[in-house]
Structures are given as C-alpha cells and as structure tokens.
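J.: Structure supplied as structure15.txt; contents: compact mmCIF, C-alpha atoms.
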# COMPACT_ATOMS: atom_id res chain seq x y z
CA MET A 1440 15.68 4.20 7.81
CA THR A 1441 12.18 4.83 9.16
CA LEU A 1442 10.17 7.93 8.23
CA LYS A 1443 8.41 9.28 11.33
CA ASN A 1444 4.72 10.17 10.78
CA PHE A 1445 4.53 8.09 7.60
CA ILE A 1446 1.74 5.47 7.67
CA VAL A 1447 1.18 2.81 5.01
CA PHE A 1448 -1.91 0.68 4.34
CA GLU A 1449 -1.39 -2.56 2.42
CA GLY A 1450 -3.61 -5.40 1.23
CA ILE A 1451 -4.94 -7.06 -1.89
CA ASP A 1452 -7.58 -5.36 -4.02
CA GLY A 1453 -10.90 -5.04 -2.21
CA SER A 1454 -9.42 -5.39 1.28
CA GLY A 1455 -10.74 -1.98 2.32
CA THR A 1456 -7.60 0.14 2.61
CA SER A 1457 -9.02 3.11 0.68
CA THR A 1458 -12.15 3.23 2.85
CA GLN A 1459 -10.12 3.22 6.06
CA ILE A 1460 -7.66 5.85 4.86
CA LYS A 1461 -10.59 8.15 4.07
CA LYS A 1462 -12.03 7.62 7.56
CA LEU A 1463 -8.67 8.25 9.22
CA VAL A 1464 -7.91 11.44 7.31
CA GLU A 1465 -11.39 12.79 8.07
CA ARG A 1466 -10.55 12.68 11.80
CA ASP A 1467 -8.18 15.61 11.33
CA LEU A 1468 -8.07 17.21 7.88
CA ASN A 1469 -5.42 19.67 9.01
CA LYS A 1470 -2.97 17.02 10.18
CA PHE A 1471 -3.46 13.97 7.93
CA VAL A 1472 -2.70 13.90 4.21
CA ALA A 1473 -3.66 10.94 2.04
CA THR A 1474 -1.43 9.75 -0.81
CA ALA A 1475 -1.51 6.62 -2.96
CA GLU A 1476 0.53 4.49 -5.30
CA PRO A 1477 0.42 4.70 -8.23
CA THR A 1478 0.61 8.46 -7.67
CA LYS A 1479 -1.21 11.27 -9.45
CA LYS A 1480 2.09 12.33 -11.01
CA GLU A 1481 2.83 11.60 -14.67
CA THR A 1482 4.58 8.35 -13.74
CA GLY A 1483 1.55 7.22 -11.77
CA LEU A 1484 -0.96 8.22 -14.44
CA PHE A 1485 1.00 6.14 -16.94
CA LEU A 1486 0.85 3.16 -14.58
CA ARG A 1487 -2.88 3.56 -13.99
CA LYS A 1488 -3.46 3.33 -17.76
CA MET A 1489 -1.39 0.16 -17.83
CA LEU A 1490 -3.33 -1.28 -14.87
CA GLY A 1491 -6.55 -0.43 -16.67
CA GLY A 1492 -5.45 -2.53 -19.63
CA ASP A 1493 -4.97 0.37 -22.07
CA PHE A 1494 -1.63 -1.16 -23.06
CA SER A 1495 0.75 -3.84 -21.82
CA VAL A 1496 4.42 -3.85 -20.84
CA ASP A 1497 6.81 -6.61 -19.88
CA SER A 1498 6.50 -7.63 -16.23
CA LYS A 1499 10.08 -6.50 -15.53
CA THR A 1500 9.34 -3.12 -17.13
CA ALA A 1501 6.33 -2.80 -14.82
CA ALA A 1502 8.55 -3.44 -11.79
CA TYR A 1503 10.89 -0.61 -12.87
CA LEU A 1504 7.95 1.72 -13.52
CA PHE A 1505 6.41 1.14 -10.09
CA ALA A 1506 9.78 1.79 -8.44
CA ALA A 1507 10.24 5.01 -10.45
CA ASP A 1508 6.80 6.26 -9.45
CA ARG A 1509 7.56 5.36 -5.83
CA CYS A 1510 10.74 7.43 -5.98
CA GLU A 1511 8.68 10.44 -7.10
CA HIS A 1512 6.14 9.68 -4.38
CA ILE A 1513 8.77 9.82 -1.64
CA TYR A 1514 11.37 12.27 -2.91
CA GLY A 1515 9.61 14.31 -5.62
CA LYS A 1516 8.11 17.78 -5.31
CA ASP A 1517 5.17 17.76 -2.87
CA GLY A 1518 5.99 14.15 -2.12
CA VAL A 1519 6.01 12.34 1.21
CA ILE A 1520 9.20 13.93 2.55
CA ASP A 1521 8.03 17.43 1.61
CA LEU A 1522 4.73 16.83 3.40
CA LEU A 1523 6.45 15.40 6.49
CA ASN A 1524 8.68 18.47 6.62
CA GLN A 1525 5.50 20.56 6.70
CA GLY A 1526 4.45 18.77 9.89
CA LYS A 1527 1.85 16.50 8.26
CA ILE A 1528 1.11 12.85 9.01
CA VAL A 1529 1.17 11.13 5.61
CA VAL A 1530 -1.09 8.13 5.02
CA SER A 1531 -0.35 6.13 1.87
CA ASP A 1532 -2.55 3.59 0.14
CA ARG A 1533 0.19 1.11 -0.86
CA TYR A 1534 3.98 1.31 -0.83
CA PHE A 1535 6.87 -0.95 -1.78
CA PHE A 1536 5.36 -3.94 0.03
CA SER A 1537 2.84 -4.00 -2.84
CA SER A 1538 5.61 -4.42 -5.38
CA LEU A 1539 7.18 -7.22 -3.34
CA ALA A 1540 3.83 -9.02 -3.58
CA TYR A 1541 2.20 -8.03 -6.89
CA GLN A 1542 5.26 -7.71 -9.12
CA SER A 1543 6.88 -10.82 -7.68
CA VAL A 1544 3.95 -12.90 -8.98
CA SER A 1545 4.75 -12.03 -12.57
CA CYS A 1546 8.52 -11.52 -12.68
CA GLY A 1547 9.89 -13.31 -9.63
CA ASN A 1548 11.01 -11.68 -6.40
CA GLU A 1549 14.63 -10.83 -7.22
CA LEU A 1550 14.05 -7.68 -9.31
CA PRO A 1551 11.31 -6.13 -7.10
CA ARG A 1552 13.49 -6.64 -4.03
CA LEU A 1553 16.49 -5.08 -5.73
CA LEU A 1554 14.55 -2.04 -6.99
CA ASN A 1555 12.88 -1.40 -3.63
CA SER A 1556 15.71 -2.17 -1.25
CA GLN A 1557 16.67 1.45 -0.58
CA PHE A 1558 13.28 3.00 0.16
CA PRO A 1559 12.70 4.12 3.77
CA LEU A 1560 10.28 2.26 6.01
CA PRO A 1561 7.03 3.79 7.30
CA GLU A 1562 6.51 4.37 11.01
CA ILE A 1563 3.36 2.22 10.95
CA LEU A 1564 2.33 -0.45 8.45
CA PHE A 1565 -1.28 -1.64 8.53
CA TYR A 1566 -1.63 -4.93 6.68
CA PHE A 1567 -5.21 -5.95 5.78
CA TYR A 1568 -5.59 -9.71 5.33
CA ILE A 1569 -8.68 -11.26 3.76
CA ASP A 1570 -9.82 -14.24 1.69
CA PRO A 1571 -9.21 -13.27 -1.96
CA GLU A 1572 -12.62 -14.70 -2.90
CA ILE A 1573 -14.30 -12.20 -0.57
CA SER A 1574 -12.16 -9.23 -1.59
CA LEU A 1575 -12.64 -9.85 -5.31
CA LYS A 1576 -16.42 -10.06 -4.78
CA ARG A 1577 -16.19 -6.57 -3.24
CA VAL A 1578 -14.30 -5.37 -6.32
CA GLU A 1579 -16.93 -6.85 -8.62
CA ASP A 1580 -19.73 -5.22 -6.61
CA ARG A 1581 -18.29 -1.78 -7.44
CA ASN A 1582 -19.41 -2.26 -11.05
CA GLU A 1583 -16.22 -0.58 -12.26
CA LYS A 1584 -13.78 -1.66 -14.94
CA LYS A 1585 -11.49 -4.27 -13.43
CA GLU A 1586 -7.72 -3.82 -13.45
CA ILE A 1587 -5.35 -6.36 -14.96
CA TYR A 1588 -4.37 -7.84 -11.58
CA GLU A 1589 -7.97 -8.22 -10.38
CA LYS A 1590 -8.28 -11.92 -11.26
CA ILE A 1591 -8.78 -14.61 -8.65
CA ASP A 1592 -5.65 -16.66 -9.45
CA TYR A 1593 -3.46 -13.56 -9.41
CA GLN A 1594 -5.04 -12.29 -6.17
CA LYS A 1595 -4.52 -15.65 -4.45
CA LYS A 1596 -0.84 -15.68 -5.41
CA THR A 1597 -0.48 -12.05 -4.33
CA ALA A 1598 -2.14 -12.72 -0.97
CA ALA A 1599 0.28 -15.59 -0.31
CA LEU A 1600 3.26 -13.41 -1.20
CA TYR A 1601 1.95 -10.57 0.98
CA GLU A 1602 1.95 -12.97 3.94
CA GLU A 1603 5.55 -13.94 3.20
CA VAL A 1604 6.62 -10.29 2.89
CA ILE A 1605 4.85 -9.19 6.09
CA ASN A 1606 6.30 -12.11 8.04
CA GLU A 1607 9.75 -11.32 6.70
CA TYR A 1608 9.50 -7.65 7.67
CA SER A 1609 8.24 -8.63 11.13
CA LYS A 1610 11.78 -9.77 11.93
CA PRO A 1611 13.59 -7.21 14.15
CA GLU A 1612 16.56 -6.89 11.80
CA LEU A 1613 14.31 -5.79 8.93
CA LYS A 1614 11.46 -3.86 10.53
CA GLY A 1615 13.70 -1.59 12.61
CA GLU A 1616 11.42 0.99 14.26
CA MET A 1617 8.46 0.20 12.01
CA LYS A 1618 5.31 -0.99 13.77
CA ILE A 1619 3.31 -3.65 11.90
CA ILE A 1620 -0.41 -4.02 12.64
CA LYS A 1621 -2.24 -6.96 11.04
CA ILE A 1622 -5.96 -6.33 10.51
CA ASP A 1623 -8.68 -8.86 9.77
CA ALA A 1624 -10.31 -7.06 6.84
CA SER A 1625 -13.49 -9.13 7.17
CA LYS A 1626 -14.38 -7.16 10.32
CA SER A 1627 -16.85 -4.27 10.12
CA ILE A 1628 -15.72 -0.86 8.86
CA GLU A 1629 -16.23 0.67 12.32
CA GLU A 1630 -14.32 -2.09 14.12
CA ILE A 1631 -11.35 -1.66 11.80
CA SER A 1632 -11.50 2.12 12.07
CA GLN A 1633 -11.25 1.89 15.87
CA ILE A 1634 -8.26 -0.48 15.71
CA ILE A 1635 -6.47 1.94 13.38
CA TRP A 1636 -7.24 4.97 15.50
CA GLN A 1637 -6.02 3.26 18.68
CA ASN A 1638 -2.64 2.76 17.01
CA VAL A 1639 -2.40 6.18 15.37
CA GLN A 1640 -3.55 8.67 17.98
CA GLY A 1641 -0.28 8.29 19.89
CA MET A 1642 1.47 10.05 16.98
CA TYR A 1643 0.03 13.40 18.12
What would the structure in this file look like if it were written as structure tokens?
T.:
Amino acid sequence: MTLKNFIVFEGIDGSGTSTQIKKLVERDLNKFVATAEPTKKETGLFLRKMLGGDFSVDSKTAAYLFAADRCEHIYGKDGVIDLLNQGKIVVSDRYFFSSLAYQSVSCGNELPRLLNSQFPLPEILFYFYIDPEISLKRVEDRNEKKEIYEKIDYQKKTAALYEEVINEYSKPELKGEMKIIKIDASKSIEEISQIIWQNVQGMY
C-alpha cells in the first residue's frame, strides 16, 4: 500500500535531509507538515535517549523499539494518517528504510525486515547518497554530542546497506506506486532544493 501525499527523506547522518525538509516545508507552511523518526512521542523520546548513549539495549530490542515508534508515527493520534486525512502533505525525516539499513548492521537483516514488512510505502522517497567520510565531517562540524551510530565504520556499513535497500525497492514488484529519487548529497543546498521541488510540486 502507498500513502498518497506522504514523502520520506532518507540518508546516513550528515547527508542533509533535515536541512532540505526545512526548506521544503517553508515553501508552504499551510500545506506541508514535517515529522521525523524517532518521533516526539514517548516511544521516540526513549529512543533518542538511547541514541544519545544515555543507556544501551540489545540490538534486537532496538529494532523492536524503532518499529513500535514507527507504528505510533503512522497510526497514532496526530500521526501521519491523521495529518493526511486533514489534507496535509507529510514530509518525514526517516522511515522504515532507515531500520533496514541501520538496524541490519547490528542485528542482521531478518528481524528488521520482519518488523517493518507491513508498513505502507510513501508516495515519494528521496534518498540522499554521500561519502560517509564527508557526511561524518559535517556531523562533527556541528559541535554537538554524537549519537551512538555516528562512527565511521558504522556509517560505511549503513551506507552500503542503504544502497542495497534502495536498489531492492526500485524493483517494480516492491516499489508499487512509490517514486524513488536518488540525490547526490554533495551538491549545493540550493541545487538539491530545486531537484526536490521539481518532483514535489506536482502533488498540488
């Protein structure tokens, strides 16, 4: 199933998804609504503490937690489906493709695929690809506390898995009506913004 007017941005840390979502939403504050995973719900706040290194859980537990938060994101009160029913275009920073990449590094791909197999597809998926060395340098330049996955070896493995996942979902039998746009995240902010807008404005 594909959710009409649901847009997802994916890419490793530092690829620029958050910046581009902000620019897109600012084009029409009445129509676009930005969301993110982990969410701002209790499930997501718990995950953000884990990502910040406040405590650790088993990698399989993390996969379950991300899937639970995603369920709230889509189906919970004021979640994606509620917003779509209000006539909004929902733009999410990350979705289940993240779990198929990030969680698969630490616990293998079988469990993340099982837990995320029933979530609906977005109408458009923007995948930002970039050299992990460059993206991690961007993260370091923020001078913020790094998250547990923001290590070069982990990011390299995640980037490789992202490519596998995106290629897999590019097959007609899996992508259905979803449109996949691959973006070179080393391009300028304005260049990327224009590419995104060219693909989104037809949704009006």
J.: Could you work out how far CA of Lys1479 in chain A lies from CA of Asp1517 in chain A, giving the answer in Å with one decimal?
T.: 11.2 Å
J.: Point out the residue among A:Ser1574, A:Ser1556, A:Asn1582, A:Ser1531 with the least atom-to-atom distance to Thr1474 in chain A, counting all atoms listed in the file.
T.: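 Distance minimum relative to Thr1474 in chain A lands on A:Ser1531.
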J.: Would you mind telling me which residue in A:Val1530, A:Ile1513, A:Ala1501, A:Ala1599 lies nearest to Val1472 in chain A when using only C-alpha atoms?
T.: A:Val1530
J.: Select, from A:Pro1611, A:Gly1491, A:Pro1571, A:Pro1561, the residue with the minimum atom-to-atom distance to Tyr1593 in chain A, counting only C-alpha atoms.
T.: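 Between A:Pro1611, A:Gly1491, A:Pro1571, A:Pro1561, the residue approaching Tyr1593 in chain A most closely is A:Pro1571.
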J.: Smallest atom-to-atom distance to Lys1480 in chain A: which of A:Asp1570, A:Lys1516, A:Pro1551, A:Ser1537, using all atoms listed in the file?
T.: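 Nearest to Lys1480 in chain A: A:Lys1516.
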J.: Please indicate the distance in Å from CA of Val1519 in chain A to CA of Arg1533 in chain A, rounded to one decimal place.
T.: 12.8 Å
J.: Applying 9 Å and all atoms listed in the file, which residues near Ile1628 in chain A remain after dropping the ones on its own chain fewer than 6 positions away? List them as a PyMOL selection string.
T.: chain A and resi 1455+1458-1459
J.: Which residue out of A:Leu1504, A:Leu1560, A:Ile1631, A:Ala1540 has the minimum interatomic distance to Ala1598 in chain A when all atoms listed in the file are used?
T.: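 Nearest candidate to Ala1598 in chain A out of A:Leu1504, A:Leu1560, A:Ile1631, A:Ala1540: A:Ala1540.
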J.: Could you name the residues that touch Gln1637 in chain A at 12 Å or less, counting all atoms listed in the file, but leaving out those on the same chain fewer than 6 positions away, as a list of chain:residue names?
T.: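 Selected residues are A:Leu1463, A:Ile1620, A:Glu1630, A:Ile1631, A:Tyr1643.
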J.: Taking all atoms listed in the file into account, which of A:Asn1638, A:Ser1632, A:Ser1545, A:Asn1606 comes nearest Val1496 in chain A?
T.: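 Answer, going by the shortest atom-to-atom distance: A:Ser1545.
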J.: Do a neighbour search on Gly1492 in chain A at 7 Å with all atoms listed in the file, toss out local chain neighbours closer than 3 positions, and write the hits as a PyMOL selection string.
T.: chain A and resi 1488-1489+1495+1586-1587
J.: Applying 9 Å and only C-alpha atoms, which residues near Ser1625 in chain A remain after dropping the ones on its own chain fewer than 6 positions away? List them as a list in words.
T.: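 These residues fall inside the cut-off: Ser1454, Phe1567, Tyr1568, Ile1569, Asp1570, Ile1573 and Ser1574 of chain A.
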J.: Please work out which residues fall within 10 Å of (-13.0, -3.0, -4.4), coordinates as given in the file, with all atoms listed in the file counting, and return them as a count of residues only.
T.: 20
J.: Would you work out the distance separating CA of Tyr1503 in chain A from CA of Leu1554 in chain A, expressed in Å to one decimal?
T.: 7.1 Å
